[in-house]
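S.K.: Below is the file final.pdb, which contains PDB, C-alpha atoms.
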```pdb
MODEL        1
ATOM      1  CA  MET A   1     100.348 222.308 -36.904  1.00  0.00           C
ATOM      2  CA  PRO A   2      97.897 225.207 -36.319  1.00  0.00           C
ATOM      3  CA  ARG A   3      94.193 224.537 -36.622  1.00  0.00           C
ATOM      4  CA  PRO A   4      92.551 226.172 -39.643  1.00  0.00           C
ATOM      5  CA  ARG A   5      90.199 228.955 -38.659  1.00  0.00           C
ATOM      6  CA  LYS A   6      86.579 228.911 -39.640  1.00  0.00           C
ATOM      7  CA  PRO A   7      85.928 231.190 -42.635  1.00  0.00           C
ATOM      8  CA  HIS A   8      83.599 233.504 -40.715  1.00  0.00           C
ATOM      9  CA  GLN A   9      86.271 234.081 -38.074  1.00  0.00           C
ATOM     10  CA  THR A  10      89.083 234.661 -40.538  1.00  0.00           C
ATOM     11  CA  PHE A  11      87.318 237.021 -42.906  1.00  0.00           C
ATOM     12  CA  ALA A  12      84.459 238.526 -40.899  1.00  0.00           C
ATOM     13  CA  ASN A  13      86.030 241.984 -40.953  1.00  0.00           C
ATOM     14  CA  ARG A  14      87.718 241.729 -44.347  1.00  0.00           C
ATOM     15  CA  LEU A  15      85.044 240.363 -46.626  1.00  0.00           C
ATOM     16  CA  CYS A  16      82.138 242.209 -48.233  1.00  0.00           C
ATOM     17  CA  ALA A  17      79.203 239.999 -49.182  1.00  0.00           C
ATOM     18  CA  VAL A  18      76.822 241.073 -51.938  1.00  0.00           C
ATOM     19  CA  VAL A  19      73.056 240.623 -51.805  1.00  0.00           C
ATOM     20  CA  ALA A  20      71.646 240.759 -55.347  1.00  0.00           C
ATOM     21  CA  THR A  21      68.244 239.122 -55.814  1.00  0.00           C
ATOM     22  CA  GLY A  22      64.944 239.830 -57.532  1.00  0.00           C
ATOM     23  CA  THR A  23      62.585 239.961 -54.556  1.00  0.00           C
ATOM     24  CA  ALA A  24      62.535 241.550 -51.130  1.00  0.00           C
ATOM     25  CA  ARG A  25      61.938 238.156 -49.518  1.00  0.00           C
ATOM     26  CA  GLU A  26      64.976 236.618 -51.201  1.00  0.00           C
ATOM     27  CA  ALA A  27      67.106 239.652 -50.322  1.00  0.00           C
ATOM     28  CA  LEU A  28      66.176 239.397 -46.642  1.00  0.00           C
ATOM     29  CA  ILE A  29      67.053 235.699 -46.600  1.00  0.00           C
ATOM     30  CA  CYS A  30      70.396 236.388 -48.301  1.00  0.00           C
ATOM     31  CA  LEU A  31      71.103 239.273 -45.919  1.00  0.00           C
ATOM     32  CA  ALA A  32      70.598 236.999 -42.906  1.00  0.00           C
ATOM     33  CA  GLU A  33      72.879 234.366 -44.424  1.00  0.00           C
ATOM     34  CA  ALA A  34      75.552 236.919 -45.336  1.00  0.00           C
ATOM     35  CA  ALA A  35      75.492 238.342 -41.793  1.00  0.00           C
ATOM     36  CA  ARG A  36      76.493 234.908 -40.500  1.00  0.00           C
ATOM     37  CA  HIS A  37      79.796 235.187 -42.395  1.00  0.00           C
ATOM     38  CA  THR A  38      80.765 238.848 -42.566  1.00  0.00           C
ATOM     39  CA  ARG A  39      80.009 242.219 -41.033  1.00  0.00           C
ATOM     40  CA  THR A  40      80.074 244.183 -44.329  1.00  0.00           C
ATOM     41  CA  ILE A  41      77.288 243.651 -46.837  1.00  0.00           C
ATOM     42  CA  GLU A  42      76.540 245.397 -50.120  1.00  0.00           C
ATOM     43  CA  LEU A  43      72.845 245.591 -50.989  1.00  0.00           C
ATOM     44  CA  ARG A  44      72.279 245.756 -54.756  1.00  0.00           C
ATOM     45  CA  LEU A  45      68.938 247.576 -54.853  1.00  0.00           C
ATOM     46  CA  ASP A  46      68.960 247.706 -58.652  1.00  0.00           C
ATOM     47  CA  TRP A  47      68.674 243.899 -58.787  1.00  0.00           C
ATOM     48  CA  LEU A  48      65.293 244.024 -57.052  1.00  0.00           C
ATOM     49  CA  ARG A  49      62.838 243.632 -59.914  1.00  0.00           C
ATOM     50  CA  SER A  50      60.606 246.643 -59.212  1.00  0.00           C
ATOM     51  CA  ASP A  51      60.153 249.764 -57.120  1.00  0.00           C
ATOM     52  CA  LYS A  52      57.587 247.802 -55.104  1.00  0.00           C
ATOM     53  CA  GLU A  53      60.208 245.179 -54.220  1.00  0.00           C
ATOM     54  CA  ARG A  54      62.743 247.888 -53.353  1.00  0.00           C
ATOM     55  CA  SER A  55      60.200 249.557 -51.051  1.00  0.00           C
ATOM     56  CA  LYS A  56      59.269 246.264 -49.388  1.00  0.00           C
ATOM     57  CA  PHE A  57      62.906 245.382 -48.819  1.00  0.00           C
ATOM     58  CA  LEU A  58      63.891 248.768 -47.404  1.00  0.00           C
ATOM     59  CA  GLN A  59      60.846 248.896 -45.128  1.00  0.00           C
ATOM     60  CA  ALA A  60      61.721 245.450 -43.753  1.00  0.00           C
ATOM     61  CA  LEU A  61      65.379 246.423 -43.436  1.00  0.00           C
ATOM     62  CA  GLY A  62      64.418 249.489 -41.394  1.00  0.00           C
ATOM     63  CA  ARG A  63      62.618 247.243 -38.903  1.00  0.00           C
ATOM     64  CA  ARG A  64      65.506 244.767 -38.509  1.00  0.00           C
ATOM     65  CA  PRO A  65      68.373 245.071 -36.072  1.00  0.00           C
ATOM     66  CA  THR A  66      71.571 245.755 -37.996  1.00  0.00           C
ATOM     67  CA  LYS A  67      73.878 246.564 -35.096  1.00  0.00           C
ATOM     68  CA  GLY A  68      77.376 245.365 -35.845  1.00  0.00           C
ATOM     69  CA  LEU A  69      76.800 245.319 -39.606  1.00  0.00           C
ATOM     70  CA  THR A  70      78.098 247.805 -42.133  1.00  0.00           C
ATOM     71  CA  LEU A  71      75.532 248.011 -44.916  1.00  0.00           C
ATOM     72  CA  LEU A  72      76.430 249.519 -48.263  1.00  0.00           C
ATOM     73  CA  ALA A  73      73.620 250.404 -50.678  1.00  0.00           C
ATOM     74  CA  THR A  74      74.226 250.282 -54.411  1.00  0.00           C
ATOM     75  CA  CYS A  75      71.605 251.109 -57.040  1.00  0.00           C
ATOM     76  CA  ARG A  76      73.301 251.057 -60.432  1.00  0.00           C
ATOM     77  CA  ARG A  77      71.521 252.447 -63.419  1.00  0.00           C
ATOM     78  CA  ILE A  78      71.620 250.705 -66.780  1.00  0.00           C
ATOM     79  CA  LEU A  79      73.989 253.482 -67.895  1.00  0.00           C
ATOM     80  CA  GLY A  80      76.447 252.321 -65.216  1.00  0.00           C
ATOM     81  CA  GLY A  81      76.091 248.598 -65.860  1.00  0.00           C
ATOM     82  CA  GLY A  82      73.239 247.961 -63.441  1.00  0.00           C
ATOM     83  CA  LYS A  83      69.571 247.125 -63.744  1.00  0.00           C
ATOM     84  CA  LEU A  84      67.811 250.319 -62.600  1.00  0.00           C
ATOM     85  CA  ALA A  85      65.873 251.717 -65.537  1.00  0.00           C
ATOM     86  CA  GLY A  86      65.498 255.216 -64.064  1.00  0.00           C
ATOM     87  CA  GLY A  87      67.779 258.210 -64.217  1.00  0.00           C
ATOM     88  CA  ALA A  88      70.000 259.931 -61.678  1.00  0.00           C
ATOM     89  CA  GLN A  89      67.002 261.098 -59.635  1.00  0.00           C
ATOM     90  CA  ALA A  90      65.787 257.509 -59.259  1.00  0.00           C
ATOM     91  CA  GLU A  91      69.228 256.366 -58.143  1.00  0.00           C
ATOM     92  CA  LEU A  92      69.515 259.175 -55.598  1.00  0.00           C
ATOM     93  CA  TYR A  93      65.991 258.491 -54.340  1.00  0.00           C
ATOM     94  CA  TRP A  94      66.684 254.811 -53.647  1.00  0.00           C
ATOM     95  CA  LEU A  95      70.046 255.538 -52.062  1.00  0.00           C
ATOM     96  CA  SER A  96      68.427 258.083 -49.736  1.00  0.00           C
ATOM     97  CA  GLN A  97      65.733 255.540 -48.850  1.00  0.00           C
ATOM     98  CA  ALA A  98      68.468 253.017 -48.080  1.00  0.00           C
ATOM     99  CA  ARG A  99      70.140 255.496 -45.794  1.00  0.00           C
ATOM    100  CA  GLU A 100      66.863 255.999 -43.945  1.00  0.00           C
ATOM    101  CA  ALA A 101      66.578 252.206 -43.606  1.00  0.00           C
ATOM    102  CA  GLY A 102      69.979 251.935 -41.929  1.00  0.00           C
ATOM    103  CA  CYS A 103      72.663 251.776 -44.616  1.00  0.00           C
ATOM    104  CA  GLU A 104      75.803 253.584 -43.509  1.00  0.00           C
ATOM    105  CA  TRP A 105      77.348 253.774 -46.967  1.00  0.00           C
ATOM    106  CA  CYS A 106      75.970 254.459 -50.434  1.00  0.00           C
ATOM    107  CA  ASP A 107      77.794 253.696 -53.657  1.00  0.00           C
ATOM    108  CA  LEU A 108      77.161 256.574 -56.052  1.00  0.00           C
ATOM    109  CA  GLU A 109      78.002 256.050 -59.713  1.00  0.00           C
ATOM    110  CA  ILE A 110      80.495 258.411 -61.279  1.00  0.00           C
ATOM    111  CA  GLU A 111      77.977 258.945 -64.110  1.00  0.00           C
ATOM    112  CA  THR A 112      75.459 260.218 -61.556  1.00  0.00           C
ATOM    113  CA  LEU A 113      78.022 262.379 -59.794  1.00  0.00           C
ATOM    114  CA  ARG A 114      78.796 264.064 -63.109  1.00  0.00           C
ATOM    115  CA  GLU A 115      75.099 264.886 -63.574  1.00  0.00           C
ATOM    116  CA  LEU A 116      74.744 266.645 -60.215  1.00  0.00           C
ATOM    117  CA  PRO A 117      74.853 270.438 -60.067  1.00  0.00           C
ATOM    118  CA  GLU A 118      78.166 271.912 -58.920  1.00  0.00           C
ATOM    119  CA  ASP A 119      76.583 273.257 -55.736  1.00  0.00           C
ATOM    120  CA  PHE A 120      75.048 269.890 -54.803  1.00  0.00           C
ATOM    121  CA  ALA A 121      75.733 269.176 -51.127  1.00  0.00           C
ATOM    122  CA  PHE A 122      75.913 265.701 -49.683  1.00  0.00           C
ATOM    123  CA  ASP A 123      74.108 265.558 -46.350  1.00  0.00           C
ATOM    124  CA  PRO A 124      76.231 263.462 -43.960  1.00  0.00           C
TER     125      PRO A 124
ENDMDL
END
```
Translate the structure described by the file into structure tokens.
M.R.:
Amino acid sequence: MPRPRKPHQTFANRLCAVVATGTAREALICLAEAARHTRTIELRLDWLRSDKERSKFLQALGRRPTKGLTLLATCRRILGGGKLAGGAQAELYWLSQAREAGCEWCDLEIETLRELPEDFAFDP
């Protein structure tokens, strides 16, 4: 009978963990724990309770080694079922900050995409 594999070995490249907490400190702790189990992690920036917490988290993230991780930033507005009180500009701002901090992917809401001008260019 084959030995069961440890969860982190079986799913490390197939599982996306989600970090959704109210403070930067909690988010960093959850990020470290998630990285023990998977290589792909979604960071729900809208769950951080304030712009100050988002800034603190992203500054700390930018100083941490993230080699081997695929980080996906999400910042859902209330309109899209999230917790960010701002508009499309606020969402785009936080996603761009996440990119600067090391996130490879950003999850842009369809509602925000519809609000962008037709000639809007995504900067890869």
S.K.: Under the rule that all atoms listed in the file are counted, which of A:Glu115, A:Thr74, A:Asn13, A:Ala60 is the nearest residue to Gly87 of chain A?
M.R.: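 Comparing A:Glu115, A:Thr74, A:Asn13, A:Ala60 against Gly87 of chain A, the winner is A:Glu115.
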S.K.: Output the residue selection produced by the PyMOL selection byres ((chain A and resi 61) around 10) on the file above, formatted as a list in words.
M.R.: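 So the PyMOL selection byres ((chain A and resi 61) around 10) ends up selecting Ala24, Ala27, Leu28, Leu31, Ser55, Lys56, Phe57, Leu58, Gln59, Ala60, Gly62, Arg63, Arg64, Pro65, Thr66, Ala98, Glu100, Ala101, Gly102 and Cys103 of chain A.
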S.K.: Contacts of segment 68-72 of chain A at 9 Å or less, counting all atoms listed in the file, minus same-chain residues fewer than 5 places along, as a PyMOL selection string?
M.R.: chain A and resi 35+38-44+98+102-107
S.K.: Would you export the selected residues with C-alpha atoms as a compact mmCIF listing (two decimals), keeping the file's coordinate frame, please?
M.R.:
```txt
# COMPACT_ATOMS: atom_id res chain seq x y z
CA ALA A 35 75.49 238.34 -41.79
CA THR A 38 80.76 238.85 -42.57
CA ARG A 39 80.01 242.22 -41.03
CA THR A 40 80.07 244.18 -44.33
CA ILE A 41 77.29 243.65 -46.84
CA GLU A 42 76.54 245.40 -50.12
CA LEU A 43 72.84 245.59 -50.99
CA ARG A 44 72.28 245.76 -54.76
CA ALA A 98 68.47 253.02 -48.08
CA GLY A 102 69.98 251.94 -41.93
CA CYS A 103 72.66 251.78 -44.62
CA GLU A 104 75.80 253.58 -43.51
CA TRP A 105 77.35 253.77 -46.97
CA CYS A 106 75.97 254.46 -50.43
CA ASP A 107 77.79 253.70 -53.66
```
S.K.: Around (68.2, 248.8, -61.9), as given in the file, which residues come within 10 Å? Count all atoms listed in the file and list them as a VMD selection string.
M.R.: chain A and resid 44 to 51 74 to 87 90 to 91
S.K.: Return as lines of an AutoDock Vina configuration file the centre and edge lengths, in Å with one decimal, of the box along x, y and z that encloses every atom of segment 80-85 of chain A in the file, padded by 3 Å per side.
M.R.:
```
center_x = 71.2
center_y = 249.7
center_z = -64.2
size_x = 16.6
size_y = 11.2
size_z = 9.3
```
S.K.: Determine the nearest neighbour of Ala34 of chain A from the options A:Lys67, A:Ala73, A:Val19, A:Tyr93, counting all atoms listed in the file.
M.R.: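 Using all atoms listed in the file, Ala34 of chain A sits closest to A:Val19.
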S.K.: Between A:Pro117, A:Ile29, A:Arg14, A:Leu108, which residue has the minimum interatomic distance to Trp94 of chain A, considering all atoms listed in the file?
M.R.: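 Result for the nearest residue to Trp94 of chain A: A:Leu108.
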S.K.: Could you tell me which of A:Val18, A:Thr23, A:Ile110, A:Ser96 comes closest to Lys52 of chain A if we count all atoms listed in the file?
M.R.: A:Thr23
S.K.: Nearest to Leu15 of chain A: which of A:His37, A:Glu111, A:Arg54, A:Gln89 is it, counting only C-alpha atoms?
M.R.: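 Of the candidates, the smallest distance to Leu15 of chain A is held by A:His37.
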S.K.: Quick one, how far is atom CA of Ala20 of chain A from atom CA of Ala32 of chain A?
M.R.: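 The value is 13.0 Å.
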S.K.: Mind pulling up the distance from atom CA of Cys16 of chain A to atom CA of Glu33 of chain A?
M.R.: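 So the answer is 12.7 Å.
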